[in-house]
Amino acid sequence: MGNLETNIKGIIMSNRFKYCLAIVAFVFPLLHLTTIAQGQQIRIGVLALRGPSETLLRWDPTADYLTDKIEAGQMTISNTKTSLNKLLDELYSFFNPDAISKGLTLISFPTLLIDEATIFTDNEKLHVILSNLITNAIKYTKKGKVAFSYLLKNSFLEFFVKDTGIGVPEERQQAIFNRFEQADIKDTRVFEGAGLGLAIAKAYVEMLGGRIWLSSEVGKGSKFMFTIPFRT
């Protein structure tokens, strides 16, 4: 735990973390703060509700730490019984206020019955993958809708997150999964971010035995898809 404590102390002492704490103190009644700890893996997420510009502050101060752990091969898989339909419901409940605040319609729909939609997988990592994709979809969509669900295809589940956002240029559709990469965008002040979400999602998908890809058209939207084995 020594290295973990050192990393946490470094995060706490950083100016960026102090800045976020100041925001926390200001909007504490409107704050949703989650801490998830599992062995050597810690994820701290801060969500502050929108301000005058109706934007959201989302910051994961351990994103770099997680990515470094993944690249070093120090992350492990912990398969547990996972209800896909319950997961979709939880994600919808969490992200729907974000979508409403931007005038977007969020759509989520199960495709399997409850008894059929229980699988063995790493629930934590699956949650992170979908959360990162939905976060990006809402972030880069000004109007329209964001939809997410899954389909059973032979021995694999294919998840998707579809939006009517800015789209990703074809020449950037592979690079966007790299660390710190973003699509080419005109207004970086509107669409700014660390660029780690898709890299983490890709790494987790591959750890779970699947693959991730997208189809997109600039100005019309994107559809991110990924697979994981269907194990019951």
# chains A, B, ... in the order shown; residues from 1 in each chain; ligands from 1
$ residues_around --residues "A:Leu152" --least-positions-apart "6" --cutoff "9 Å" --atoms "only C-alpha atoms" --output "ChimeraX atom specification"
/A:111-112,158-159,230
$ closest_residue --among "A:Arg172, A:Lys139, A:Lys145, A:Lys153" --to "A:Phe226" --atoms "only C-alpha atoms"
A:Lys153
$ atom_distance --atom1 "atom CA of A:Ala175" --atom2 "atom CA of A:Ser78"
28.8 Å
$ residues_around --residues "stretch 206-208 of chain A" --least-positions-apart "2" --cutoff "12 Å" --atoms "only C-alpha atoms" --output "compact mmCIF listing (two decimals) with C-alpha atoms, in the first residue's frame"
# COMPACT_ATOMS: atom_id res chain seq x y z
CA ILE A 70 -3.05 -0.77 -17.16
CA GLU A 71 0.01 -0.18 -19.34
CA GLY A 73 -0.06 -4.93 -16.75
CA GLN A 74 -0.87 -4.50 -13.06
CA MET A 75 -4.67 -4.53 -13.38
CA THR A 76 -6.55 -7.75 -12.68
CA ILE A 77 -9.93 -9.15 -13.72
CA SER A 78 -12.54 -9.90 -11.04
CA ASN A 79 -15.52 -11.67 -12.61
CA PHE A 120 -20.21 -13.34 -15.36
CA THR A 121 -17.83 -10.50 -16.08
CA ASP A 122 -15.91 -7.76 -14.30
CA ASN A 123 -18.81 -5.50 -13.34
CA GLU A 124 -16.55 -2.63 -12.26
CA LYS A 125 -14.67 -2.49 -15.56
CA LEU A 126 -17.83 -2.86 -17.65
CA ILE A 129 -16.28 1.40 -20.10
CA PHE A 156 -20.59 -12.31 -27.57
CA LEU A 157 -22.48 -9.31 -26.27
CA ALA A 199 -7.85 4.80 -23.87
CA ILE A 200 -9.02 3.32 -20.56
CA ALA A 201 -12.19 1.96 -22.20
CA LYS A 202 -10.17 0.27 -24.95
CA ALA A 203 -7.75 -1.28 -22.46
CA TYR A 204 -10.58 -2.60 -20.28
CA GLY A 210 -13.41 -8.12 -26.55
CA ARG A 211 -12.72 -5.34 -29.02
CA ILE A 212 -13.91 -1.76 -29.49
CA TRP A 213 -14.54 0.29 -32.63
CA PHE A 226 -17.57 -3.00 -28.13
CA THR A 227 -17.89 -6.71 -27.41
CA ILE A 228 -17.34 -8.93 -24.40
CA PRO A 229 -17.82 -12.72 -24.12
CA PHE A 230 -21.33 -13.85 -23.16
CA ARG A 231 -20.69 -16.06 -20.12
$ residues_around --residues "A:Val168" --least-positions-apart "2" --cutoff "12 Å" --atoms "only C-alpha atoms" --output "count of residues only"
32
$ residues_around --residues "A:Val146" --least-positions-apart "4" --cutoff "8 Å" --atoms "only C-alpha atoms" --output "number ranges by chain"
A: 104-107, 134, 137-138, 161-164
$ write_last_selection --atoms "all heavy atoms" --output "PDB file, in the first residue's frame"
ATOM      1  N   LEU A 104     -30.955  17.206 -24.176  1.00  0.00           N
ATOM      2  CA  LEU A 104     -30.809  15.959 -24.934  1.00  0.00           C
ATOM      3  C   LEU A 104     -31.773  14.894 -24.423  1.00  0.00           C
ATOM      4  O   LEU A 104     -32.194  14.923 -23.266  1.00  0.00           O
ATOM      5  CB  LEU A 104     -29.377  15.424 -24.817  1.00  0.00           C
ATOM      6  CG  LEU A 104     -28.248  16.362 -25.230  1.00  0.00           C
ATOM      7  CD1 LEU A 104     -26.901  15.713 -24.938  1.00  0.00           C
ATOM      8  CD2 LEU A 104     -28.363  16.737 -26.698  1.00  0.00           C
ATOM      9  N   THR A 105     -32.090  13.958 -25.286  1.00  0.00           N
ATOM     10  CA  THR A 105     -32.882  12.795 -24.902  1.00  0.00           C
ATOM     11  C   THR A 105     -31.953  11.613 -24.696  1.00  0.00           C
ATOM     12  O   THR A 105     -31.181  11.270 -25.596  1.00  0.00           O
ATOM     13  CB  THR A 105     -33.917  12.439 -25.985  1.00  0.00           C
ATOM     14  OG1 THR A 105     -34.795  13.552 -26.180  1.00  0.00           O
ATOM     15  CG2 THR A 105     -34.737  11.215 -25.579  1.00  0.00           C
ATOM     16  N   LEU A 106     -32.001  11.010 -23.514  1.00  0.00           N
ATOM     17  CA  LEU A 106     -31.179   9.830 -23.220  1.00  0.00           C
ATOM     18  C   LEU A 106     -32.068   8.598 -23.319  1.00  0.00           C
ATOM     19  O   LEU A 106     -33.144   8.549 -22.711  1.00  0.00           O
ATOM     20  CB  LEU A 106     -30.567   9.935 -21.828  1.00  0.00           C
ATOM     21  CG  LEU A 106     -29.571   8.828 -21.443  1.00  0.00           C
ATOM     22  CD1 LEU A 106     -28.335   8.886 -22.328  1.00  0.00           C
ATOM     23  CD2 LEU A 106     -29.173   8.943 -19.970  1.00  0.00           C
ATOM     24  N   ILE A 107     -31.613   7.615 -24.079  1.00  0.00           N
ATOM     25  CA  ILE A 107     -32.401   6.404 -24.323  1.00  0.00           C
ATOM     26  C   ILE A 107     -31.594   5.183 -23.926  1.00  0.00           C
ATOM     27  O   ILE A 107     -30.429   5.039 -24.305  1.00  0.00           O
ATOM     28  CB  ILE A 107     -32.802   6.292 -25.809  1.00  0.00           C
ATOM     29  CG1 ILE A 107     -33.595   7.523 -26.248  1.00  0.00           C
ATOM     30  CG2 ILE A 107     -33.590   5.013 -26.060  1.00  0.00           C
ATOM     31  CD1 ILE A 107     -33.820   7.593 -27.749  1.00  0.00           C
ATOM     32  N   ILE A 134     -20.559   6.986 -22.498  1.00  0.00           N
ATOM     33  CA  ILE A 134     -21.754   7.827 -22.347  1.00  0.00           C
ATOM     34  C   ILE A 134     -21.355   9.257 -22.007  1.00  0.00           C
ATOM     35  O   ILE A 134     -21.948  10.224 -22.512  1.00  0.00           O
ATOM     36  CB  ILE A 134     -22.695   7.249 -21.269  1.00  0.00           C
ATOM     37  CG1 ILE A 134     -23.219   5.878 -21.703  1.00  0.00           C
ATOM     38  CG2 ILE A 134     -23.877   8.198 -21.014  1.00  0.00           C
ATOM     39  CD1 ILE A 134     -23.926   5.110 -20.596  1.00  0.00           C
ATOM     40  N   ALA A 137     -20.301  10.886 -25.174  1.00  0.00           N
ATOM     41  CA  ALA A 137     -21.446  11.090 -26.065  1.00  0.00           C
ATOM     42  C   ALA A 137     -22.236  12.337 -25.659  1.00  0.00           C
ATOM     43  O   ALA A 137     -22.600  13.165 -26.497  1.00  0.00           O
ATOM     44  CB  ALA A 137     -22.349   9.857 -26.049  1.00  0.00           C
ATOM     45  N   ILE A 138     -22.499  12.478 -24.371  1.00  0.00           N
ATOM     46  CA  ILE A 138     -23.232  13.654 -23.890  1.00  0.00           C
ATOM     47  C   ILE A 138     -22.385  14.912 -24.046  1.00  0.00           C
ATOM     48  O   ILE A 138     -22.884  15.969 -24.450  1.00  0.00           O
ATOM     49  CB  ILE A 138     -23.654  13.449 -22.415  1.00  0.00           C
ATOM     50  CG1 ILE A 138     -24.682  12.315 -22.310  1.00  0.00           C
ATOM     51  CG2 ILE A 138     -24.227  14.739 -21.836  1.00  0.00           C
ATOM     52  CD1 ILE A 138     -25.069  11.960 -20.888  1.00  0.00           C
ATOM     53  N   VAL A 161     -23.009   2.731 -27.821  1.00  0.00           N
ATOM     54  CA  VAL A 161     -23.414   4.055 -27.364  1.00  0.00           C
ATOM     55  C   VAL A 161     -23.463   4.925 -28.615  1.00  0.00           C
ATOM     56  O   VAL A 161     -22.445   5.125 -29.279  1.00  0.00           O
ATOM     57  CB  VAL A 161     -22.432   4.644 -26.335  1.00  0.00           C
ATOM     58  CG1 VAL A 161     -22.863   6.065 -25.951  1.00  0.00           C
ATOM     59  CG2 VAL A 161     -22.350   3.763 -25.096  1.00  0.00           C
ATOM     60  N   LYS A 162     -24.647   5.436 -28.924  1.00  0.00           N
ATOM     61  CA  LYS A 162     -24.859   6.174 -30.171  1.00  0.00           C
ATOM     62  C   LYS A 162     -25.316   7.596 -29.858  1.00  0.00           C
ATOM     63  O   LYS A 162     -26.147   7.805 -28.978  1.00  0.00           O
ATOM     64  CB  LYS A 162     -25.921   5.461 -31.015  1.00  0.00           C
ATOM     65  CG  LYS A 162     -26.143   6.048 -32.387  1.00  0.00           C
ATOM     66  CD  LYS A 162     -27.149   5.217 -33.169  1.00  0.00           C
ATOM     67  CE  LYS A 162     -27.368   5.780 -34.577  1.00  0.00           C
ATOM     68  NZ  LYS A 162     -28.341   4.963 -35.338  1.00  0.00           N
ATOM     69  N   ASP A 163     -24.767   8.570 -30.594  1.00  0.00           N
ATOM     70  CA  ASP A 163     -25.141   9.961 -30.349  1.00  0.00           C
ATOM     71  C   ASP A 163     -25.354  10.713 -31.658  1.00  0.00           C
ATOM     72  O   ASP A 163     -25.050  10.210 -32.739  1.00  0.00           O
ATOM     73  CB  ASP A 163     -24.068  10.666 -29.508  1.00  0.00           C
ATOM     74  CG  ASP A 163     -22.726  10.773 -30.217  1.00  0.00           C
ATOM     75  OD1 ASP A 163     -22.662  11.409 -31.296  1.00  0.00           O
ATOM     76  OD2 ASP A 163     -21.730  10.213 -29.713  1.00  0.00           O
ATOM     77  N   THR A 164     -25.893  11.901 -31.536  1.00  0.00           N
ATOM     78  CA  THR A 164     -26.090  12.783 -32.690  1.00  0.00           C
ATOM     79  C   THR A 164     -25.173  13.993 -32.557  1.00  0.00           C
ATOM     80  O   THR A 164     -25.568  15.133 -32.818  1.00  0.00           O
ATOM     81  CB  THR A 164     -27.557  13.240 -32.780  1.00  0.00           C
ATOM     82  OG1 THR A 164     -27.937  13.861 -31.528  1.00  0.00           O
ATOM     83  CG2 THR A 164     -28.480  12.068 -33.042  1.00  0.00           C
TER      84      THR A 164
END
$ closest_residue --among "A:Phe160, A:Pro97, A:Ser108, A:Leu91" --to "A:His127" --atoms "only C-alpha atoms"
A:Leu91
$ atom_distance --atom1 "atom CA of A:Asn178" --atom2 "atom CA of A:Tyr92"
27.0 Å
$ atom_distance --atom1 "atom CA of A:Ser83" --atom2 "atom CA of A:Pro110"
10.7 Å
$ residues_around --residues "A:Asn85" --least-positions-apart "4" --cutoff "7 Å" --atoms "only C-alpha atoms" --output "JSON, numbers by chain"
{"A": [89, 110, 114, 117]}
$ write_last_selection --atoms "C-alpha atoms" --output "PDB file, in the first residue's frame"
ATOM      1  CA  ASP A  89     -30.880   1.252 -15.345  1.00  0.00           C
ATOM      2  CA  PRO A 110     -32.647  -3.859 -22.539  1.00  0.00           C
ATOM      3  CA  ILE A 114     -33.887 -10.378 -16.686  1.00  0.00           C
ATOM      4  CA  ALA A 117     -29.310 -10.872 -18.973  1.00  0.00           C
TER       5      ALA A 117
END
